[in-house]
Amino acid sequence: MGEQYPMDSKNSVKVVVRGDDHEFSEELGEQIVVEETYIDPLEENALTRKLDRHLLPMLAFMYFLSSLDRSNIGNAYTSGMKEDLNLSSRQYSNAVSVFYSTYLAAELPAVWLLRIAKPRYYMSCLVLSWSLITLFSGFVQSYHSLLATRVLLGAFEGGFFPAMTLLITMTYKPQEQAKRIAFFFGSSALSGAFGGLIATGLASVKNAGGLEGWRWLYIIEGLISVCASAWLFFGLPDDLEHMKFLNEKETALMKIRAKQRIQYMGADSTFSWSHVLLAFKDFKTYFAFTIQFCQDIILYGFSTFLTAILKLGLGYSSRKAQYMSVPVYILAAIVFMISAYVSDRYKIRGPVFFGYNILGAAGYVILLSVKNDAVKYFACYLITFSLYTGTGLNITWLTNNVAPHYKRATALGLNQTLGNLAGAIVGQVYNKSPYVLGNSFSLGCIVLSNILTAIQIAWLVRINKQKEEILAGTRKDTKKERIGDDALDFKYCL
């Protein structure tokens with residue numbers, strides 16, 4: 001049973017909506033109306049491909065730019081900013097960390113606002129704002145002005161990823177989401193690769209137009225992002241129920257898909273504090289953001305400090321450190337795309353990144369224990385197996401297992417807010433080369449993430465079994481009301 005509604009026993013009607021995975025019923029009037037919601041698989045595949053063509057490249061490119069603008073401080077630091085601004089290691093770490101003070105504060109409001117504000121206005125405004133701040137970062141003259149731009153950058157970037165992820169959950173079915181979210185993280189990985197390439201090229205620029213190469217890094221990336229915000233403004237729909245690029249038949253198919261997902265999205269689209277409270281009461285919320293924190297420590301620590309690890313930890317030159325980081329990020333993107341395909345194909349999340357984390361842990365062990373620089377560089381490739389896979393699949397795991405909409409939006413906002421607290425911690429533990437403390441902390445986070453993942457898998461298996469027993473009549477149901485993912489016919493994804 002999906003969402004429960006009050007019913008008049010004397011004058012009622014049962015409306016049944018049959019979808020791919022669930023059957024939902026609602027008592028409403030005088031006669032039984034049965035509404036079939038069958039969609040031809042070929043037509044649905046054509047529809048999702050059309051959605052992909054219009055939405056994914058645009059959103060992925062925005063996240064590519066977001067990741068580039070956020071992490072380019074690492075490339076700028078090793079390309080002359082350290083000397084020009086006279087930054088100490090501690091000041092650089094503080095500049096990395098302070099970004100997250102506003103980044104975290106922006107995430108939870110973003111997921112609540114998306115259902116209220118028109119996506120194209122809200123999200124394009126965020127992109128334009130952080131693009132201008134990135135551009136202006138090319139003109140900072142001191143440590144304190146650098147801190148100011150980082151604080152402002154975090155305020156506008158913070159809301160984008162959770163809003164974008166929620167947009168995907170509002171458009172695609174749960175079993176379709178991992179590959180789409182992987183597309184975004186793949187673009188983030190490529191941002192690390194392109195950031196290294198761009199920095200390598202601009203590092204040789206000396207006082208062009210009176211500006212150092214690292215300043216041009218910020219200016220050029222900022223200008224590209226400003227132009228991209230116009231693409232988002234004209235490309236995103238005002239309303240997800242009426243997308244202009246869909247024809248009449250495709251719009252009708254979207255409405256049927258919405259009916260099939262009524263339990264997942266909720267029958268009522270209005271904001272509900274009771275649904276918000278459900279997210280705070282759900283154990284999955286707490287498991288998810290703790291796992292996310294652990295995975296984000298790995299992601300932010302490795303991506304922000306990789307060039308510094310290669311230069312200061314392994315002794316490579318600035319230019320060599322920049323271009324040697326490129327294949328590492330490319331492998332990270334390939335690994336995550338494969339893992340997301342496997343995850344969607346077999347409808348599993350936790351077991352996939354659990355296995356990949358074992359390889360990542362081996363990478364950190366090698367990085368900490370071996371003296372040979374070539375072997376340490378090989379360890380960086382092993383770490384990439386944990387880099388995006390755990391972060392992305394854990395988000396998908398949460399969004400698949402939490403319903404209805406505002407419960408999921410709140411859980412996702414908390415996941416991103418508390419998970420991304422890792423960004424502030426990373427700047428403090430990665431504070432001195434060869435970054436033994438930072439790499440040790442990351443190794444500990446991989447271990448903790450896998451322990452929590454294993455516990456949550458076992459817990460979800462237990463709850464799924466209990467629901468099956470209640471439906472079979474072999475166990476008594478002690479709950480008076482079951483809403484969203486708590487419904488007996490809602491099976492949790494492992």
# chains A, B, ... in the order shown; residues from 1 in each chain; ligands from 1
>>> residues_around(residues="range 347-364 of chain A", least_positions_apart="6", cutoff="8 Å", atoms="only C-alpha atoms", output="short mmCIF file (atom, residue, chain, number, x, y, z; two decimals) with N, CA and C atoms, in the first residue's frame")
data_model
loop_
_atom_site.label_atom_id
_atom_site.label_comp_id
_atom_site.auth_asym_id
_atom_site.auth_seq_id
_atom_site.Cartn_x
_atom_site.Cartn_y
_atom_site.Cartn_z
N GLN A 175 15.49 3.41 -10.82
CA GLN A 175 16.43 2.50 -11.46
C GLN A 175 17.15 3.14 -12.65
N SER A 339 30.96 1.53 -13.02
CA SER A 339 30.31 1.13 -11.77
C SER A 339 28.84 1.54 -11.76
N PHE A 378 51.50 4.98 -8.85
CA PHE A 378 50.57 3.88 -9.15
C PHE A 378 49.45 3.83 -8.10
N ALA A 379 49.81 4.09 -6.84
CA ALA A 379 48.81 4.08 -5.77
C ALA A 379 47.72 5.11 -6.01
N CYS A 380 48.09 6.23 -6.65
CA CYS A 380 47.09 7.27 -6.95
C CYS A 380 45.99 6.72 -7.87
N TYR A 381 46.37 5.84 -8.78
CA TYR A 381 45.38 5.24 -9.68
C TYR A 381 44.44 4.31 -8.92
N LEU A 382 44.97 3.59 -7.93
CA LEU A 382 44.11 2.72 -7.12
C LEU A 382 43.10 3.54 -6.32
N ILE A 383 43.54 4.68 -5.82
CA ILE A 383 42.65 5.53 -5.03
C ILE A 383 41.48 6.02 -5.86
N THR A 384 41.67 6.17 -7.17
CA THR A 384 40.58 6.67 -8.01
C THR A 384 39.36 5.74 -8.01
N PHE A 385 39.55 4.48 -7.66
CA PHE A 385 38.41 3.56 -7.62
C PHE A 385 37.42 3.96 -6.51
N SER A 386 37.91 4.65 -5.50
CA SER A 386 37.04 5.14 -4.42
C SER A 386 36.60 6.58 -4.65
N LEU A 387 37.25 7.27 -5.54
CA LEU A 387 37.15 8.72 -5.60
C LEU A 387 35.73 9.22 -5.85
N THR A 389 33.11 6.90 -7.10
CA THR A 389 32.14 5.81 -7.03
C THR A 389 31.34 5.83 -5.73
N GLY A 390 32.05 5.90 -4.60
CA GLY A 390 31.36 5.91 -3.31
C GLY A 390 30.49 7.13 -3.13
N LEU A 393 27.39 6.86 -5.84
CA LEU A 393 26.44 5.76 -5.62
C LEU A 393 25.76 5.87 -4.26
N ASN A 394 26.44 6.45 -3.28
CA ASN A 394 25.79 6.64 -1.98
C ASN A 394 24.64 7.63 -2.09
N THR A 396 22.84 8.15 -4.82
CA THR A 396 21.78 7.42 -5.52
C THR A 396 21.09 6.44 -4.59
N TRP A 397 21.87 5.77 -3.75
CA TRP A 397 21.33 4.82 -2.78
C TRP A 397 20.31 5.50 -1.87
N ASN A 439 46.47 11.63 4.34
CA ASN A 439 46.28 10.32 3.71
C ASN A 439 45.86 9.26 4.72
N SER A 440 46.37 9.35 5.93
CA SER A 440 45.98 8.40 6.99
C SER A 440 44.52 8.61 7.37
N SER A 442 42.20 9.81 5.43
CA SER A 442 41.39 9.30 4.32
C SER A 442 41.27 7.78 4.37
N LEU A 443 42.36 7.11 4.71
CA LEU A 443 42.33 5.65 4.83
C LEU A 443 41.34 5.23 5.92
N ILE A 446 37.79 5.49 4.62
CA ILE A 446 37.39 4.38 3.73
C ILE A 446 36.95 3.18 4.57
N VAL A 447 37.72 2.88 5.60
CA VAL A 447 37.39 1.74 6.47
C VAL A 447 36.04 1.95 7.15
N ASN A 450 33.08 1.60 4.73
CA ASN A 450 32.74 0.22 4.41
C ASN A 450 32.04 -0.50 5.56
N THR A 453 28.51 0.81 5.48
CA THR A 453 27.84 0.28 4.30
C THR A 453 27.37 -1.15 4.54
N ALA A 454 28.25 -1.96 5.11
CA ALA A 454 27.90 -3.36 5.40
C ALA A 454 26.74 -3.44 6.39
N ILE A 457 23.46 -2.41 4.61
CA ILE A 457 22.98 -3.48 3.71
C ILE A 457 22.24 -4.54 4.52
N CYS A 493 16.37 -0.69 -2.02
CA CYS A 493 17.50 -1.06 -2.87
C CYS A 493 18.73 -1.28 -2.00
N LEU A 494 19.49 -2.33 -2.27
CA LEU A 494 20.68 -2.64 -1.47
C LEU A 494 21.92 -2.00 -2.09
#
>>> residues_around(residues="range 117-125 of chain A", least_positions_apart="3", cutoff="9 Å", atoms="only C-alpha atoms", output="JSON, numbers by chain")
{"A": [113, 114, 128, 129, 130, 156, 159, 160, 163, 164, 167, 228, 229, 230, 231, 232, 233, 234, 235, 236, 237, 238, 239, 240]}
>>> write_last_selection(atoms="C-alpha atoms", output="PDB file, in the first residue's frame")
ATOM      1  CA  LEU A 113      13.420  25.948  -3.049  1.00  0.00           C
ATOM      2  CA  LEU A 114      13.654  23.878  -6.229  1.00  0.00           C
ATOM      3  CA  LEU A 128      26.115  33.235 -13.261  1.00  0.00           C
ATOM      4  CA  SER A 129      26.914  34.353  -9.706  1.00  0.00           C
ATOM      5  CA  TRP A 130      29.705  31.867  -9.060  1.00  0.00           C
ATOM      6  CA  PHE A 156      26.492  30.172  -4.746  1.00  0.00           C
ATOM      7  CA  GLY A 159      23.018  24.855  -3.743  1.00  0.00           C
ATOM      8  CA  PHE A 160      23.702  23.688  -7.282  1.00  0.00           C
ATOM      9  CA  ALA A 163      19.284  20.929  -6.655  1.00  0.00           C
ATOM     10  CA  MET A 164      20.605  19.219  -9.783  1.00  0.00           C
ATOM     11  CA  LEU A 167      15.987  17.491 -10.478  1.00  0.00           C
ATOM     12  CA  ALA A 228      27.462  28.697 -19.929  1.00  0.00           C
ATOM     13  CA  SER A 229      24.919  30.254 -17.566  1.00  0.00           C
ATOM     14  CA  ALA A 230      23.049  31.584 -20.640  1.00  0.00           C
ATOM     15  CA  TRP A 231      22.820  28.016 -22.023  1.00  0.00           C
ATOM     16  CA  LEU A 232      21.283  26.871 -18.755  1.00  0.00           C
ATOM     17  CA  PHE A 233      18.815  29.764 -18.689  1.00  0.00           C
ATOM     18  CA  PHE A 234      17.460  28.983 -22.159  1.00  0.00           C
ATOM     19  CA  GLY A 235      17.869  25.201 -21.922  1.00  0.00           C
ATOM     20  CA  LEU A 236      16.180  24.283 -18.639  1.00  0.00           C
ATOM     21  CA  PRO A 237      12.374  24.102 -18.544  1.00  0.00           C
ATOM     22  CA  ASP A 238      10.222  26.351 -16.371  1.00  0.00           C
ATOM     23  CA  ASP A 239       8.150  23.363 -15.351  1.00  0.00           C
ATOM     24  CA  LEU A 240       9.190  19.698 -15.324  1.00  0.00           C
TER      25      LEU A 240
END
>>> residues_around(residues="Ser449 in chain A", least_positions_apart="4", cutoff="8 Å", atoms="only C-alpha atoms", output="PyMOL selection string")
chain A and resi 290-291+294-295+445+453
>>> write_last_selection(atoms="C-alpha atoms", output="mmCIF file, in the first residue's frame")
data_model
loop_
_atom_site.group_PDB
_atom_site.id
_atom_site.type_symbol
_atom_site.label_atom_id
_atom_site.label_comp_id
_atom_site.auth_asym_id
_atom_site.auth_seq_id
_atom_site.Cartn_x
_atom_site.Cartn_y
_atom_site.Cartn_z
ATOM 1 C CA THR A 290 28.107 9.663 7.607
ATOM 2 C CA ILE A 291 29.089 7.505 4.619
ATOM 3 C CA CYS A 294 33.800 9.605 4.660
ATOM 4 C CA GLN A 295 33.636 9.428 0.869
ATOM 5 C CA CYS A 445 37.398 7.129 6.385
ATOM 6 C CA THR A 453 27.835 0.279 4.296
#
>>> residues_around(residues="Ser318 in chain A", least_positions_apart="4", cutoff="8 Å", atoms="only C-alpha atoms", output="tab-separated table (two decimals) with C-alpha atoms, in the first residue's frame")
chain	number	residue	atom	x	y	z
A	78	THR	CA	51.17	25.21	-7.60
A	79	SER	CA	51.33	27.59	-10.58
A	307	THR	CA	48.92	18.20	-7.69
A	311	LYS	CA	54.84	18.15	-6.50
A	322	GLN	CA	49.93	19.15	-13.53
>>> closest_residue(among="A:Ser272, A:Ser71, A:Gln177, A:Ser303", to="Ala340 in chain A", atoms="only C-alpha atoms")
A:Gln177
>>> atom_distance(atom1="CA of Thr169 in chain A", atom2="CA of Ile181 in chain A")
9.8 Å
>>> residues_around(residues="range 459-472 of chain A", least_positions_apart="3", cutoff="6 Å", atoms="only C-alpha atoms", output="VMD selection string")
chain A and resid 456 475 488
>>> write_last_selection(atoms="N, CA and C atoms", output="tab-separated table (two decimals), in the first residue's frame")
chain	number	residue	atom	x	y	z
A	456	GLN	N	24.40	-1.14	6.92
A	456	GLN	CA	23.16	-0.68	6.30
A	456	GLN	C	22.60	-1.73	5.34
A	475	ARG	N	3.65	-12.14	9.97
A	475	ARG	CA	4.11	-11.19	10.99
A	475	ARG	C	3.06	-10.11	11.17
A	488	LEU	N	4.49	-1.08	2.72
A	488	LEU	CA	4.87	-2.50	2.71
A	488	LEU	C	5.35	-2.97	1.33
>>> residues_around(residues="range 429-434 of chain A", least_positions_apart="6", cutoff="7 Å", atoms="only C-alpha atoms", output="list of chain:residue names")
A:Ser89, A:Arg90, A:Ser93, A:Ile309, A:Leu312, A:Gly313
>>> closest_atom_pairs(of="range 90-195 of chain A", to="range 40-52 of chain A", cutoff="10 Å", atoms="only C-alpha atoms", output="JSON lines")
{"residue": "A:Thr171", "atom": "CA", "partner": "A:Leu51", "partner_atom": "CA", "distance": 8.6}
{"residue": "A:Tyr172", "atom": "CA", "partner": "A:Thr48", "partner_atom": "CA", "distance": 7.9}
{"residue": "A:Lys173", "atom": "CA", "partner": "A:Thr48", "partner_atom": "CA", "distance": 9.9}
{"residue": "A:Glu176", "atom": "CA", "partner": "A:Thr48", "partner_atom": "CA", "distance": 9.0}
{"residue": "A:Arg180", "atom": "CA", "partner": "A:Asp52", "partner_atom": "CA", "distance": 8.2}
>>> atom_distance(atom1="CA of Leu412 in chain A", atom2="CA of Leu153 in chain A")
21.2 Å
>>> decode(residues="range 310-432 of chain A", atoms="C-alpha atoms", output="compact mmCIF listing (two decimals), in the first residue's frame")
# COMPACT_ATOMS: atom_id res chain seq x y z
CA LEU A 310 52.72 15.00 -6.81
CA LYS A 311 54.84 18.15 -6.50
CA LEU A 312 55.60 18.42 -2.80
CA GLY A 313 55.15 14.79 -1.79
CA LEU A 314 56.68 12.98 -4.75
CA GLY A 315 59.07 15.74 -5.82
CA TYR A 316 57.84 16.43 -9.36
CA SER A 317 58.06 19.88 -10.95
CA SER A 318 54.94 22.07 -11.12
CA ARG A 319 54.39 21.38 -14.81
CA LYS A 320 55.00 17.65 -14.51
CA ALA A 321 52.67 17.43 -11.50
CA GLN A 322 49.93 19.15 -13.53
CA TYR A 323 50.02 16.86 -16.56
CA MET A 324 50.63 13.69 -14.53
CA SER A 325 47.33 14.33 -12.73
CA VAL A 326 45.39 14.17 -16.02
CA PRO A 327 45.33 10.37 -16.61
CA VAL A 328 44.47 9.81 -12.94
CA TYR A 329 41.24 11.80 -13.33
CA ILE A 330 40.42 10.19 -16.67
CA LEU A 331 40.63 6.74 -15.05
CA ALA A 332 38.39 7.98 -12.20
CA ALA A 333 35.73 9.01 -14.74
CA ILE A 334 35.89 5.69 -16.60
CA VAL A 335 35.71 3.67 -13.37
CA PHE A 336 32.64 5.52 -12.15
CA MET A 337 30.77 5.25 -15.43
CA ILE A 338 31.33 1.47 -15.43
CA SER A 339 30.31 1.13 -11.77
CA ALA A 340 27.12 3.16 -12.36
CA TYR A 341 26.16 0.97 -15.31
CA VAL A 342 26.67 -2.17 -13.19
CA SER A 343 24.77 -0.58 -10.31
CA ASP A 344 21.72 0.27 -12.45
CA ARG A 345 21.88 -3.01 -14.36
CA TYR A 346 21.70 -5.13 -11.20
CA LYS A 347 19.86 -2.55 -9.04
CA ILE A 348 22.48 -2.56 -6.27
CA ARG A 349 24.36 0.39 -4.79
CA GLY A 350 26.19 -0.41 -1.55
CA PRO A 351 27.96 -3.64 -2.60
CA VAL A 352 29.45 -1.92 -5.68
CA PHE A 353 31.24 0.90 -3.89
CA PHE A 354 32.08 -1.40 -0.95
CA GLY A 355 34.21 -3.46 -3.36
CA TYR A 356 35.76 -0.42 -5.00
CA ASN A 357 36.67 1.03 -1.60
CA ILE A 358 38.86 -2.01 -0.92
CA LEU A 359 41.01 -1.03 -3.91
CA GLY A 360 41.07 2.59 -2.74
CA ALA A 361 42.20 1.52 0.73
CA ALA A 362 45.03 -0.50 -0.84
CA GLY A 363 46.09 2.66 -2.68
CA TYR A 364 46.34 4.68 0.52
CA VAL A 365 48.26 1.89 2.28
CA ILE A 366 50.82 1.89 -0.55
CA LEU A 367 51.02 5.70 -0.57
CA LEU A 368 51.75 5.72 3.16
CA SER A 369 54.14 2.79 3.38
CA VAL A 370 56.21 2.72 0.17
CA LYS A 371 59.18 4.98 -0.55
CA ASN A 372 59.46 4.51 -4.32
CA ASP A 373 57.86 7.47 -6.15
CA ALA A 374 56.76 5.39 -9.17
CA VAL A 375 54.91 2.96 -6.90
CA LYS A 376 53.32 5.90 -5.05
CA TYR A 377 52.11 7.28 -8.36
CA PHE A 378 50.57 3.88 -9.15
CA ALA A 379 48.81 4.08 -5.77
CA CYS A 380 47.09 7.27 -6.95
CA TYR A 381 45.38 5.24 -9.68
CA LEU A 382 44.11 2.72 -7.12
CA ILE A 383 42.65 5.53 -5.03
CA THR A 384 40.58 6.67 -8.01
CA PHE A 385 38.41 3.56 -7.62
CA SER A 386 37.04 5.14 -4.42
CA LEU A 387 37.15 8.72 -5.60
CA TYR A 388 33.77 9.24 -7.28
CA THR A 389 32.14 5.81 -7.03
CA GLY A 390 31.36 5.91 -3.31
CA THR A 391 30.27 9.54 -3.37
CA GLY A 392 27.93 9.18 -6.35
CA LEU A 393 26.44 5.76 -5.62
CA ASN A 394 25.79 6.64 -1.98
CA ILE A 395 23.72 9.64 -3.11
CA THR A 396 21.78 7.42 -5.52
CA TRP A 397 21.33 4.82 -2.78
CA LEU A 398 19.76 7.44 -0.53
CA THR A 399 17.48 8.98 -3.17
CA ASN A 400 16.27 5.51 -4.25
CA ASN A 401 15.37 4.51 -0.69
CA VAL A 402 13.65 7.63 0.65
CA ALA A 403 10.12 8.78 -0.28
CA PRO A 404 7.99 10.87 -0.71
CA HIS A 405 9.44 14.01 -2.30
CA TYR A 406 10.00 16.37 0.62
CA LYS A 407 11.31 13.60 2.85
CA ARG A 408 13.79 12.72 0.12
CA ALA A 409 14.64 16.39 -0.52
CA THR A 410 15.38 16.94 3.17
CA ALA A 411 17.42 13.74 3.47
CA LEU A 412 19.39 14.72 0.37
CA GLY A 413 19.97 18.24 1.70
CA LEU A 414 21.23 16.90 5.02
CA ASN A 415 23.36 14.37 3.18
CA GLN A 416 25.07 17.08 1.19
CA THR A 417 25.32 19.57 4.05
CA LEU A 418 26.85 17.23 6.61
CA GLY A 419 28.69 15.11 4.06
CA ASN A 420 30.37 18.16 2.55
CA LEU A 421 31.58 19.19 5.98
CA ALA A 422 34.44 16.98 4.85
CA GLY A 423 35.62 19.84 2.63
CA ALA A 424 36.34 22.00 5.67
CA ILE A 425 38.08 19.14 7.50
CA VAL A 426 40.24 18.27 4.50
CA GLY A 427 41.91 21.67 4.52
CA GLN A 428 43.04 21.09 8.09
CA VAL A 429 44.30 17.49 7.84
CA TYR A 430 46.11 18.04 4.53
CA ASN A 431 48.24 20.81 5.99
CA LYS A 432 51.84 19.73 5.45
